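A short write-up of the structure that comes next.
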Amino acid sequence: MRLDMGQPVLASEWERIKLVVMCLDQADDAWVGACIRSGTHYVDISAKAEFLNQVSKF
């Protein structure tokens, strides 16, 4: 499944998503938060140190 970061993910879609592999640098932690709230595993292969420090507070 391919998701668009610019579009909201419906609650029914989160039920099907088990893992997100992020390949984009991000400015905010909205996707990480959504993954945590839905119980979805999250892997970020492109994150900068500042972003990883920001999301480590979840």
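Scheme for the structure tokens: letters A, B, ... for chains in order shown; per-chain residue numbers from 1; ligand numbers from 1 in order shown.
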Q. Leaving out stretch 18-35 of chain A and any residue of its chain fewer than 5 positions from it, which residues lie within 10 Å of it when counting only C-alpha atoms, given as a count of residues only?
A. 22
(Q) Can you pull out every residue from chain A that DSSP, working from the backbone, puts in helix (DSSP H, G or I), and format the result as a ChimeraX atom specification? (A) /A:11-14,30-38,49-55
Export, as an mmCIF file, in the first residue's frame, the selected residues with N, CA and C atoms.
data_model
loop_
_atom_site.group_PDB
_atom_site.id
_atom_site.type_symbol
_atom_site.label_atom_id
_atom_site.label_comp_id
_atom_site.auth_asym_id
_atom_site.auth_seq_id
_atom_site.Cartn_x
_atom_site.Cartn_y
_atom_site.Cartn_z
ATOM 1 N N ALA A 11 -9.621 6.047 9.534
ATOM 2 C CA ALA A 11 -9.505 5.085 10.629
ATOM 3 C C ALA A 11 -9.596 3.653 10.118
ATOM 4 N N SER A 12 -10.450 3.411 9.147
ATOM 5 C CA SER A 12 -10.594 2.055 8.606
ATOM 6 C C SER A 12 -9.314 1.597 7.895
ATOM 7 N N GLU A 13 -8.569 2.525 7.317
ATOM 8 C CA GLU A 13 -7.303 2.161 6.683
ATOM 9 C C GLU A 13 -6.246 1.812 7.727
ATOM 10 N N TRP A 14 -6.216 2.534 8.857
ATOM 11 C CA TRP A 14 -5.234 2.241 9.909
ATOM 12 C C TRP A 14 -5.395 0.812 10.421
ATOM 13 N N ALA A 30 3.555 14.296 12.968
ATOM 14 C CA ALA A 30 2.158 13.852 12.873
ATOM 15 C C ALA A 30 2.044 12.388 12.464
ATOM 16 N N TRP A 31 2.840 11.954 11.496
ATOM 17 C CA TRP A 31 2.760 10.553 11.059
ATOM 18 C C TRP A 31 3.226 9.599 12.145
ATOM 19 N N VAL A 32 4.284 9.966 12.827
ATOM 20 C CA VAL A 32 4.770 9.109 13.919
ATOM 21 C C VAL A 32 3.688 8.984 14.986
ATOM 22 N N GLY A 33 3.086 10.091 15.353
ATOM 23 C CA GLY A 33 2.016 10.076 16.350
ATOM 24 C C GLY A 33 0.836 9.238 15.910
ATOM 25 N N ALA A 34 0.454 9.354 14.649
ATOM 26 C CA ALA A 34 -0.671 8.560 14.129
ATOM 27 C C ALA A 34 -0.353 7.069 14.183
ATOM 28 N N CYS A 35 0.885 6.724 13.855
ATOM 29 C CA CYS A 35 1.285 5.314 13.923
ATOM 30 C C CYS A 35 1.216 4.801 15.349
ATOM 31 N N ILE A 36 1.713 5.572 16.274
ATOM 32 C CA ILE A 36 1.699 5.146 17.680
ATOM 33 C C ILE A 36 0.272 4.988 18.177
ATOM 34 N N ARG A 37 -0.590 5.953 17.874
ATOM 35 C CA ARG A 37 -1.992 5.876 18.335
ATOM 36 C C ARG A 37 -2.719 4.673 17.756
ATOM 37 N N SER A 38 -2.373 4.284 16.526
ATOM 38 C CA SER A 38 -3.072 3.170 15.878
ATOM 39 C C SER A 38 -2.422 1.816 16.156
ATOM 40 N N ALA A 49 18.923 13.487 12.636
ATOM 41 C CA ALA A 49 19.094 13.331 14.082
ATOM 42 C C ALA A 49 18.118 14.209 14.860
ATOM 43 N N GLU A 50 17.890 15.439 14.405
ATOM 44 C CA GLU A 50 16.961 16.333 15.106
ATOM 45 C C GLU A 50 15.549 15.757 15.145
ATOM 46 N N PHE A 51 15.134 15.166 14.022
ATOM 47 C CA PHE A 51 13.794 14.598 13.968
ATOM 48 C C PHE A 51 13.695 13.374 14.868
ATOM 49 N N LEU A 52 14.702 12.525 14.846
ATOM 50 C CA LEU A 52 14.697 11.344 15.714
ATOM 51 C C LEU A 52 14.649 11.749 17.185
ATOM 52 N N ASN A 53 15.364 12.785 17.553
ATOM 53 C CA ASN A 53 15.310 13.291 18.935
ATOM 54 C C ASN A 53 13.911 13.788 19.269
ATOM 55 N N GLN A 54 13.269 14.455 18.324
ATOM 56 C CA GLN A 54 11.921 14.975 18.520
ATOM 57 C C GLN A 54 10.927 13.839 18.770
ATOM 58 N N VAL A 55 10.989 12.777 17.964
ATOM 59 C CA VAL A 55 10.004 11.701 18.088
ATOM 60 C C VAL A 55 10.367 10.713 19.190
#
Q. Running DSSP on the backbone, which parts of chain A land in strand (DSSP E), as a list in words?
A. Leu19, Val20, Val21, Met22, His41, Tyr42, Val43 and Asp44 of chain A
Can you write just those residues out, all heavy atoms, as a PDB file, in the first residue's frame?
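Okay, this is what ended up in result_26.pdb:
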ATOM      1  N   LEU A  19       2.630  -1.758   9.321  1.00  0.00           N
ATOM      2  CA  LEU A  19       3.987  -1.216   9.330  1.00  0.00           C
ATOM      3  C   LEU A  19       4.076  -0.053   8.360  1.00  0.00           C
ATOM      4  O   LEU A  19       3.590  -0.139   7.234  1.00  0.00           O
ATOM      5  CB  LEU A  19       4.995  -2.294   8.915  1.00  0.00           C
ATOM      6  CG  LEU A  19       6.433  -1.850   8.652  1.00  0.00           C
ATOM      7  CD1 LEU A  19       7.109  -1.396   9.936  1.00  0.00           C
ATOM      8  CD2 LEU A  19       7.210  -2.972   7.995  1.00  0.00           C
ATOM      9  N   VAL A  20       4.684   1.046   8.806  1.00  0.00           N
ATOM     10  CA  VAL A  20       4.988   2.175   7.932  1.00  0.00           C
ATOM     11  C   VAL A  20       6.502   2.279   7.837  1.00  0.00           C
ATOM     12  O   VAL A  20       7.188   2.314   8.853  1.00  0.00           O
ATOM     13  CB  VAL A  20       4.398   3.499   8.486  1.00  0.00           C
ATOM     14  CG1 VAL A  20       4.952   4.698   7.739  1.00  0.00           C
ATOM     15  CG2 VAL A  20       2.883   3.470   8.418  1.00  0.00           C
ATOM     16  N   VAL A  21       7.020   2.294   6.609  1.00  0.00           N
ATOM     17  CA  VAL A  21       8.438   2.538   6.364  1.00  0.00           C
ATOM     18  C   VAL A  21       8.522   3.916   5.719  1.00  0.00           C
ATOM     19  O   VAL A  21       8.105   4.095   4.576  1.00  0.00           O
ATOM     20  CB  VAL A  21       9.066   1.461   5.456  1.00  0.00           C
ATOM     21  CG1 VAL A  21      10.525   1.783   5.201  1.00  0.00           C
ATOM     22  CG2 VAL A  21       8.914   0.085   6.081  1.00  0.00           C
ATOM     23  N   MET A  22       9.017   4.879   6.465  1.00  0.00           N
ATOM     24  CA  MET A  22       9.079   6.262   5.994  1.00  0.00           C
ATOM     25  C   MET A  22      10.399   6.485   5.267  1.00  0.00           C
ATOM     26  O   MET A  22      11.466   6.180   5.802  1.00  0.00           O
ATOM     27  CB  MET A  22       8.955   7.217   7.180  1.00  0.00           C
ATOM     28  CG  MET A  22       8.916   8.660   6.787  1.00  0.00           C
ATOM     29  SD  MET A  22       7.503   9.112   5.733  1.00  0.00           S
ATOM     30  CE  MET A  22       6.133   8.843   6.839  1.00  0.00           C
ATOM     31  N   HIS A  41       3.498  -0.243  13.551  1.00  0.00           N
ATOM     32  CA  HIS A  41       4.956  -0.167  13.664  1.00  0.00           C
ATOM     33  C   HIS A  41       5.461   0.897  12.707  1.00  0.00           C
ATOM     34  O   HIS A  41       4.922   1.074  11.612  1.00  0.00           O
ATOM     35  CB  HIS A  41       5.600  -1.515  13.342  1.00  0.00           C
ATOM     36  CG  HIS A  41       5.220  -2.589  14.301  1.00  0.00           C
ATOM     37  ND1 HIS A  41       5.812  -2.720  15.528  1.00  0.00           N
ATOM     38  CD2 HIS A  41       4.287  -3.558  14.215  1.00  0.00           C
ATOM     39  CE1 HIS A  41       5.277  -3.742  16.157  1.00  0.00           C
ATOM     40  NE2 HIS A  41       4.337  -4.271  15.381  1.00  0.00           N
ATOM     41  N   TYR A  42       6.529   1.599  13.105  1.00  0.00           N
ATOM     42  CA  TYR A  42       7.060   2.702  12.311  1.00  0.00           C
ATOM     43  C   TYR A  42       8.568   2.564  12.196  1.00  0.00           C
ATOM     44  O   TYR A  42       9.261   2.412  13.200  1.00  0.00           O
ATOM     45  CB  TYR A  42       6.705   4.030  12.999  1.00  0.00           C
ATOM     46  CG  TYR A  42       7.236   5.245  12.299  1.00  0.00           C
ATOM     47  CD1 TYR A  42       6.508   5.867  11.299  1.00  0.00           C
ATOM     48  CD2 TYR A  42       8.470   5.787  12.644  1.00  0.00           C
ATOM     49  CE1 TYR A  42       6.993   6.990  10.653  1.00  0.00           C
ATOM     50  CE2 TYR A  42       8.965   6.912  12.004  1.00  0.00           C
ATOM     51  CZ  TYR A  42       8.226   7.503  11.025  1.00  0.00           C
ATOM     52  OH  TYR A  42       8.703   8.613  10.393  1.00  0.00           O
ATOM     53  N   VAL A  43       9.071   2.616  10.962  1.00  0.00           N
ATOM     54  CA  VAL A  43      10.510   2.587  10.691  1.00  0.00           C
ATOM     55  C   VAL A  43      10.816   3.792   9.812  1.00  0.00           C
ATOM     56  O   VAL A  43      10.161   4.004   8.794  1.00  0.00           O
ATOM     57  CB  VAL A  43      10.926   1.289   9.947  1.00  0.00           C
ATOM     58  CG1 VAL A  43      12.396   1.327   9.586  1.00  0.00           C
ATOM     59  CG2 VAL A  43      10.602   0.067  10.781  1.00  0.00           C
ATOM     60  N   ASP A  44      11.807   4.582  10.215  1.00  0.00           N
ATOM     61  CA  ASP A  44      12.191   5.758   9.440  1.00  0.00           C
ATOM     62  C   ASP A  44      13.621   5.579   8.962  1.00  0.00           C
ATOM     63  O   ASP A  44      14.539   5.545   9.766  1.00  0.00           O
ATOM     64  CB  ASP A  44      12.062   7.010  10.294  1.00  0.00           C
ATOM     65  CG  ASP A  44      12.017   8.270   9.455  1.00  0.00           C
ATOM     66  OD1 ASP A  44      12.744   8.326   8.439  1.00  0.00           O
ATOM     67  OD2 ASP A  44      11.271   9.183   9.816  1.00  0.00           O
TER      68      ASP A  44
END
